[in-house]
>>> print(open('work.cif').read())   # mmCIF, C-alpha atoms and all ligand atoms
data_protein
#
loop_
_atom_site.label_atom_id
_atom_site.label_comp_id
_atom_site.auth_asym_id
_atom_site.auth_seq_id
_atom_site.Cartn_x
_atom_site.Cartn_y
_atom_site.Cartn_z
CA MET A 1 -20.25 -33.54 6.38
CA ARG A 2 -23.12 -35.95 6.56
CA PRO A 3 -22.51 -39.69 6.56
CA ALA A 4 -25.04 -40.15 3.75
CA LEU A 5 -22.95 -38.03 1.42
CA GLN A 6 -19.77 -39.94 2.06
CA ALA A 7 -21.51 -43.26 1.71
CA HIS A 8 -22.35 -43.19 -1.96
CA GLN A 9 -19.66 -40.89 -3.39
CA ILE A 10 -21.76 -39.75 -6.30
CA LEU A 11 -21.82 -36.07 -5.51
CA PRO A 12 -18.17 -35.11 -5.30
CA VAL A 13 -18.34 -31.83 -3.40
CA GLN A 14 -20.49 -30.40 -0.69
CA VAL A 15 -24.05 -30.16 -1.84
CA LEU A 16 -26.68 -27.83 -0.50
CA PRO A 17 -30.20 -29.01 0.15
CA GLU A 18 -31.82 -28.16 -3.17
CA LEU A 19 -35.47 -28.18 -4.19
CA PRO A 20 -35.72 -31.99 -4.51
CA GLU A 21 -34.21 -32.55 -1.07
CA VAL A 22 -36.55 -29.99 0.45
CA GLU A 23 -39.56 -31.56 -1.29
CA THR A 24 -38.50 -34.99 -0.05
CA THR A 25 -38.12 -33.58 3.45
CA ARG A 26 -41.66 -32.25 3.19
CA ARG A 27 -43.04 -35.61 2.10
CA GLY A 28 -40.94 -37.47 4.67
CA ILE A 29 -42.01 -35.52 7.74
CA GLU A 30 -45.59 -34.61 6.82
CA PRO A 31 -47.29 -37.90 7.85
CA HIS A 32 -45.57 -37.80 11.25
CA VAL A 33 -46.57 -34.33 12.38
CA LEU A 34 -49.92 -33.32 10.83
CA GLY A 35 -52.75 -32.85 13.27
CA LYS A 36 -50.66 -33.50 16.41
CA PRO A 37 -50.87 -30.86 19.14
CA VAL A 38 -47.53 -29.24 20.01
CA LYS A 39 -46.55 -29.76 23.65
CA ASN A 40 -43.57 -27.42 23.65
CA VAL A 41 -40.71 -26.05 21.58
CA LEU A 42 -37.07 -26.21 22.65
CA VAL A 43 -34.70 -23.74 21.03
CA ARG A 44 -31.15 -24.63 22.07
CA GLN A 45 -29.47 -22.30 19.56
CA PRO A 46 -31.42 -19.29 18.27
CA SER A 47 -28.54 -17.88 16.19
CA LEU A 48 -29.15 -19.22 12.74
CA ARG A 49 -28.64 -17.14 9.59
CA TRP A 50 -31.25 -14.87 11.13
CA PRO A 51 -32.39 -15.24 14.75
CA VAL A 52 -35.13 -17.81 15.32
CA SER A 53 -38.40 -15.92 15.94
CA PRO A 54 -38.38 -15.54 19.75
CA GLU A 55 -42.13 -16.07 20.03
CA LEU A 56 -42.00 -19.48 18.31
CA GLY A 57 -42.50 -21.61 21.43
CA GLN A 58 -45.29 -19.48 22.78
CA VAL A 59 -47.29 -19.34 19.56
CA LEU A 60 -46.85 -22.99 18.58
CA THR A 61 -47.69 -24.57 21.94
CA GLY A 62 -51.18 -26.04 21.79
CA GLN A 63 -51.39 -25.58 18.03
CA SER A 64 -51.19 -28.33 15.44
CA PHE A 65 -50.01 -28.30 11.84
CA SER A 66 -52.79 -28.55 9.27
CA ALA A 67 -50.49 -28.62 6.22
CA ILE A 68 -46.86 -28.54 5.22
CA ASP A 69 -46.27 -26.76 1.94
CA ARG A 70 -43.15 -25.89 0.02
CA ARG A 71 -42.42 -22.64 -1.80
CA ALA A 72 -39.01 -22.68 -3.52
CA LYS A 73 -36.76 -24.07 -0.79
CA TYR A 74 -38.92 -22.84 2.09
CA LEU A 75 -41.13 -25.19 4.09
CA LEU A 76 -44.32 -23.63 5.40
CA PHE A 77 -45.98 -25.31 8.38
CA SER A 78 -49.55 -24.00 8.66
CA THR A 79 -51.49 -23.64 11.89
CA SER A 80 -54.75 -21.81 12.60
CA VAL A 81 -52.82 -18.77 13.88
CA GLY A 82 -49.95 -18.49 11.42
CA ARG A 83 -47.15 -20.37 9.74
CA MET A 84 -43.68 -21.56 10.67
CA MET A 85 -41.31 -20.96 7.74
CA VAL A 86 -38.16 -23.09 7.64
CA HIS A 87 -35.16 -22.89 5.33
CA LEU A 88 -32.46 -25.55 5.56
CA GLY A 89 -29.67 -23.20 4.49
CA MET A 90 -26.45 -24.95 3.51
CA SER A 91 -26.44 -27.87 5.89
CA GLY A 92 -29.79 -28.00 7.68
CA SER A 93 -32.01 -31.03 8.04
CA LEU A 94 -35.28 -31.92 9.70
CA ARG A 95 -36.02 -35.33 11.07
CA ILE A 96 -38.57 -37.14 13.13
CA THR A 97 -37.29 -38.50 16.38
CA SER A 98 -38.37 -39.17 19.96
CA MET A 99 -37.44 -38.33 23.54
CA ASP A 100 -35.22 -41.38 23.93
CA GLN A 101 -32.90 -40.28 21.10
CA ALA A 102 -29.85 -38.48 22.42
CA ILE A 103 -29.41 -34.88 21.39
CA ARG A 104 -26.46 -34.49 19.07
CA LYS A 105 -24.27 -31.49 18.53
CA HIS A 106 -26.01 -29.00 16.18
CA ASP A 107 -29.54 -30.21 17.09
CA HIS A 108 -30.78 -26.65 17.49
CA ILE A 109 -34.58 -26.85 17.68
CA ASP A 110 -37.11 -29.47 18.83
CA VAL A 111 -40.84 -29.15 18.21
CA VAL A 112 -42.21 -31.66 20.72
CA PHE A 113 -45.70 -33.06 20.16
CA GLU A 114 -48.14 -34.38 22.78
CA ASP A 115 -47.36 -37.98 21.77
CA ASP A 116 -43.63 -37.27 22.34
CA THR A 117 -42.82 -37.32 18.65
CA ILE A 118 -40.16 -34.70 18.00
CA LEU A 119 -39.53 -32.70 14.86
CA ARG A 120 -35.82 -31.89 15.21
CA TYR A 121 -33.87 -29.24 13.30
CA HIS A 122 -30.15 -29.95 12.88
CA ASP A 123 -27.76 -27.51 11.20
CA PRO A 124 -23.96 -27.61 11.67
CA ARG A 125 -23.26 -24.45 9.67
CA ARG A 126 -26.31 -22.54 10.90
CA PHE A 127 -27.16 -20.88 7.58
CA GLY A 128 -30.77 -22.01 7.83
CA SER A 129 -33.68 -20.01 9.25
CA VAL A 130 -36.86 -20.52 11.23
CA PHE A 131 -39.40 -17.71 11.14
CA TRP A 132 -42.88 -17.32 12.54
CA LEU A 133 -45.37 -15.63 10.19
CA PRO A 134 -48.46 -14.56 12.12
CA ASP A 135 -51.94 -14.89 10.63
CA GLN A 136 -51.93 -14.84 6.83
CA SER A 137 -48.82 -12.70 6.57
CA SER A 138 -46.19 -13.50 3.98
CA HIS A 139 -42.46 -12.84 4.06
CA GLU A 140 -40.24 -10.72 1.84
CA LEU A 141 -38.07 -13.78 1.15
CA ILE A 142 -40.91 -15.52 -0.68
CA ASP A 143 -42.89 -12.57 -2.03
CA ASP A 144 -40.97 -11.90 -5.23
CA LEU A 145 -40.16 -15.42 -6.33
CA GLY A 146 -40.69 -16.74 -9.82
CA PRO A 147 -42.88 -19.75 -10.56
CA GLU A 148 -42.23 -23.27 -9.32
CA PRO A 149 -40.25 -25.23 -11.94
CA LEU A 150 -42.59 -28.21 -11.87
CA SER A 151 -45.71 -26.09 -12.32
CA GLY A 152 -47.43 -25.31 -15.60
CA ASP A 153 -46.47 -21.64 -15.20
CA PHE A 154 -42.89 -22.56 -15.99
CA SER A 155 -42.94 -23.05 -19.74
CA ALA A 156 -40.81 -22.41 -22.82
CA GLU A 157 -43.01 -19.47 -23.81
CA TYR A 158 -42.53 -17.94 -20.37
CA LEU A 159 -38.70 -18.21 -20.56
CA TYR A 160 -38.61 -17.08 -24.17
CA GLU A 161 -40.65 -13.91 -23.52
CA LEU A 162 -38.73 -12.97 -20.37
CA SER A 163 -35.35 -13.54 -21.96
CA ARG A 164 -35.71 -11.36 -25.08
CA LYS A 165 -34.08 -8.27 -23.60
CA ARG A 166 -31.77 -9.93 -21.10
CA LYS A 167 -28.06 -9.53 -21.58
CA VAL A 168 -27.26 -12.43 -19.32
CA ALA A 169 -25.89 -15.92 -19.82
CA VAL A 170 -28.62 -18.55 -19.99
CA LYS A 171 -27.29 -20.44 -17.00
CA LEU A 172 -27.48 -17.38 -14.75
CA PHE A 173 -30.91 -16.60 -16.21
CA ILE A 174 -32.40 -19.97 -15.20
CA MET A 175 -30.68 -19.85 -11.79
CA ASN A 176 -32.30 -16.49 -10.96
CA SER A 177 -35.06 -17.21 -8.44
CA LYS A 178 -37.07 -14.24 -9.71
CA ILE A 179 -37.26 -16.02 -13.07
CA VAL A 180 -37.85 -19.52 -11.74
CA VAL A 181 -37.15 -21.03 -8.32
CA GLY A 182 -35.27 -24.17 -7.44
CA VAL A 183 -32.87 -24.55 -10.37
CA GLY A 184 -29.70 -24.95 -8.33
CA ASN A 185 -26.20 -25.14 -9.74
CA ILE A 186 -26.05 -28.90 -10.24
CA TYR A 187 -29.46 -29.01 -11.92
CA ALA A 188 -28.65 -26.05 -14.16
CA ASN A 189 -25.40 -27.69 -15.31
CA GLU A 190 -27.11 -31.00 -16.00
CA ALA A 191 -30.20 -29.60 -17.72
CA LEU A 192 -28.15 -27.39 -20.06
CA TYR A 193 -26.01 -30.37 -21.04
CA SER A 194 -29.06 -32.55 -21.73
CA ALA A 195 -30.62 -29.73 -23.76
CA GLY A 196 -27.38 -29.20 -25.75
CA ILE A 197 -27.15 -25.51 -24.80
CA ARG A 198 -23.89 -23.76 -23.94
CA PRO A 199 -24.22 -22.29 -20.42
CA ASP A 200 -22.54 -19.02 -21.43
CA ARG A 201 -24.83 -18.36 -24.40
CA LEU A 202 -26.92 -15.21 -24.00
CA ALA A 203 -30.45 -15.99 -22.83
CA SER A 204 -31.79 -13.54 -25.41
CA ARG A 205 -30.20 -15.51 -28.27
CA ILE A 206 -31.95 -18.81 -27.58
CA SER A 207 -34.90 -19.84 -29.71
CA LEU A 208 -38.31 -20.92 -28.46
CA ALA A 209 -37.65 -24.47 -29.69
CA ARG A 210 -34.45 -24.68 -27.65
CA TYR A 211 -36.25 -23.31 -24.59
CA GLU A 212 -38.81 -26.11 -25.06
CA LYS A 213 -35.99 -28.58 -24.72
CA LEU A 214 -34.43 -26.77 -21.77
CA VAL A 215 -37.68 -26.53 -19.82
CA HIS A 216 -38.30 -30.21 -20.45
CA GLU A 217 -34.81 -31.11 -19.17
CA ILE A 218 -35.08 -28.90 -16.07
CA LYS A 219 -38.36 -30.55 -15.08
CA ALA A 220 -36.92 -34.00 -15.86
CA VAL A 221 -33.78 -33.61 -13.77
CA LEU A 222 -35.75 -32.29 -10.79
CA GLU A 223 -38.39 -35.03 -11.09
CA ARG A 224 -35.73 -37.74 -11.28
CA SER A 225 -34.16 -36.38 -8.16
CA ILE A 226 -37.45 -36.22 -6.25
CA ARG A 227 -38.27 -39.77 -7.38
CA SER A 228 -34.94 -41.11 -6.19
CA GLY A 229 -35.54 -39.30 -2.91
CA GLY A 230 -38.78 -41.18 -2.55
CA THR A 231 -36.85 -44.34 -1.85
CA THR A 232 -35.09 -42.68 1.06
CA LEU A 233 -38.15 -41.36 2.88
CA ARG A 234 -37.57 -43.74 5.76
CA ASP A 235 -34.31 -41.88 6.42
CA PHE A 236 -36.33 -39.15 8.07
CA VAL A 237 -37.10 -41.49 10.93
CA ARG A 238 -33.82 -43.35 10.93
CA GLU A 239 -31.74 -43.19 14.05
CA ASP A 240 -28.86 -41.19 12.63
CA GLY A 241 -31.37 -38.97 10.87
CA SER A 242 -29.23 -38.44 7.83
CA PRO A 243 -31.37 -36.83 5.17
CA GLY A 244 -31.87 -38.33 1.77
CA TYR A 245 -29.38 -36.93 -0.68
CA PHE A 246 -30.06 -38.39 -3.98
CA LYS A 247 -28.17 -40.79 -6.08
CA GLN A 248 -28.29 -39.44 -9.55
CA LYS A 249 -25.79 -40.05 -12.29
CA LEU A 250 -24.29 -36.68 -13.16
CA ASN A 251 -23.19 -36.03 -16.73
CA VAL A 252 -21.18 -32.84 -16.27
CA TYR A 253 -21.24 -31.41 -12.75
CA GLY A 254 -17.96 -32.25 -10.97
CA ARG A 255 -16.53 -33.91 -14.12
CA ARG A 256 -14.10 -31.28 -15.44
CA ASP A 257 -11.59 -32.77 -17.93
CA GLU A 258 -13.40 -36.09 -17.88
CA PRO A 259 -14.74 -37.42 -21.20
CA CYS A 260 -18.17 -36.26 -22.37
CA ARG A 261 -20.56 -39.20 -22.24
CA GLN A 262 -21.76 -38.40 -25.76
CA CYS A 263 -18.64 -37.41 -27.74
CA ALA A 264 -15.78 -38.46 -25.41
CA LYS A 265 -14.05 -35.06 -25.66
CA PRO A 266 -12.91 -33.56 -22.33
CA LEU A 267 -15.46 -31.43 -20.48
CA ARG A 268 -14.56 -27.82 -19.77
CA GLU A 269 -15.04 -25.82 -16.58
CA ILE A 270 -15.67 -22.08 -16.33
CA ARG A 271 -16.88 -19.82 -13.50
CA GLN A 272 -20.24 -18.09 -13.79
CA GLY A 273 -21.62 -16.00 -10.97
CA ASN A 274 -18.83 -17.45 -8.83
CA ARG A 275 -20.16 -20.98 -9.33
CA SER A 276 -18.67 -23.86 -11.24
CA THR A 277 -20.01 -24.52 -14.72
CA VAL A 278 -18.96 -27.66 -16.55
CA PHE A 279 -20.00 -28.28 -20.13
CA CYS A 280 -19.04 -30.00 -23.37
CA PRO A 281 -17.72 -27.50 -25.92
CA VAL A 282 -18.67 -29.90 -28.70
CA CYS A 283 -22.17 -31.06 -27.75
CA GLN A 284 -23.43 -27.78 -26.26
CA LYS A 285 -24.00 -24.90 -28.64
ZN ZN A 301 -19.74 -33.90 -25.96
#
>>> encode(input="work.cif", output="structure tokens")
Amino acid sequence: MRPALQAHQILPVQVLPELPEVETTRRGIEPHVLGKPVKNVLVRQPSLRWPVSPELGQVLTGQSFSAIDRRAKYLLFSTSVGRMMVHLGMSGSLRITSMDQAIRKHDHIDVVFEDDTILRYHDPRRFGSVFWLPDQSSHELIDDLGPEPLSGDFSAEYLYELSRKRKVAVKLFIMNSKIVVGVGNIYANEALYSAGIRPDRLASRISLARYEKLVHEIKAVLERSIRSGGTTLRDFVREDGSPGYFKQKLNVYGRRDEPCRQCAKPLREIRQGNRSTVFCPVCQK
């Protein structure tokens, strides 16, 4: 586990890089790599969740990144000949480092630039992925995704319309990446609590007015997390390279049997889609 997680003790269990962490990674590394020609690429361990595209070194050498975009939890590094698509999986991180920094265990990939800046991919559990997408091609992993949660396309009307015929619990509905991307388990728990909606209520039974509240809370919890990540941007060039996992006061996630912060009754935990759901049976309806 990363030192940063143990340091502040706010998130009680292992936490995946979620949309805010990926967005902060994007903002953290972007100024250090844009426009710099790639000198070479070192792949020490190609066996990630899927094999690293074998042509990566050959195609990237001599190219430079013109933009780094994010789609859901994928980072897309654009060049004039195609894009490098990176997913951090369960434990991956990217950081900016240099030749004089020792290579640690699990430092699987280095993109080395002409000025000896290194973009280094680290991933102890190797559930991440690094793909090369030639030319303008897309990838099946990002083709069928729903809208970005912080975009205008993600609205109460959108959720309301899509949910009318769904026989699915609202929490699973908002965690479905074909409906909307980036609403991970922690954020779903927290947003439903703030909106006063029971996570096991059927999505089709929720009114437009309550979806207004839910959409507002989903955007708010993600924005708070990205903002708190903004204060840790320097971590991407720190020596130990620990990524910025965000300090955010959690109201329900990881607080089973603890008192609700609104009514003081104990919070309840259930399993939904094999993930932990914690909610207040009094405040959430
Ligand atoms: Zn309560």
>>> closest_residue(input="work.cif", among="A:Arg261, A:Arg268, A:Arg275, A:His106", to="ligand ZN 301 (chain A)", atoms="all atoms listed in the file")
A:Arg261
>>> residues_near_point(input="work.cif", point="(-32.0, -38.3, 24.5)", cutoff="12 Å", atoms="only C-alpha atoms", output="JSON, numbers by chain")
{"A": [97, 98, 99, 100, 101, 102, 103, 104, 105, 107, 110, 116, 118, 120, 239]}
>>> residues_near_ligand(input="work.cif", ligand="ligand ZN 301 (chain A)", cutoff="9 Å", atoms="only C-alpha atoms and all ligand atoms", output="ChimeraX atom specification")
/A:193,196,259-267,279-284
>>> axis_aligned_box(input="work.cif", around="segment 59-78 of chain A", padding_each_side="3 Å", output="lines of an AutoDock Vina configuration file")
center_x = -44.8
center_y = -24.0
center_z = 9.2
size_x = 22.0
size_y = 15.3
size_z = 31.5
>>> atom_distance(input="work.cif", atom1="atom CA of Lys171 of chain A", atom2="atom CA of Ala195 of chain A")
12.0 Å
>>> atom_distance(input="work.cif", atom1="atom CA of Ile270 of chain A", atom2="atom CA of Asp200 of chain A")
9.1 Å
>>> closest_residue(input="work.cif", among="A:Leu162, A:Met84, A:Val168, A:Ile179", to="Ser138 of chain A", atoms="all atoms listed in the file")
A:Met84
>>> closest_residue(input="work.cif", among="A:Arg26, A:Arg49, A:His87, A:Arg210", to="Ala67 of chain A", atoms="all atoms listed in the file")
A:Arg26
>>> closest_residue(input="work.cif", among="A:Asn274, A:Gln136, A:Asn185, A:Ser194", to="Tyr253 of chain A", atoms="only C-alpha atoms")
A:Asn185
>>> atom_distance(input="work.cif", atom1="atom CA of Ser91 of chain A", atom2="atom CA of Arg126 of chain A")
7.3 Å
>>> residues_around(input="work.cif", residues="Ser66 of chain A", least_positions_apart="6", cutoff="9 Å", atoms="only C-alpha atoms", output="list of chain:residue names")
A:Leu34, A:Gly35, A:Lys36, A:Phe77, A:Ser78, A:Thr79, A:Ser80
>>> closest_residue(input="work.cif", among="A:Leu141, A:Leu250, A:Ile218, A:Ile68", to="Thr24 of chain A", atoms="all atoms listed in the file")
A:Ile68
>>> closest_residue(input="work.cif", among="A:Ala203, A:Leu208, A:Leu75, A:Leu94", to="Ile29 of chain A", atoms="all atoms listed in the file")
A:Leu94
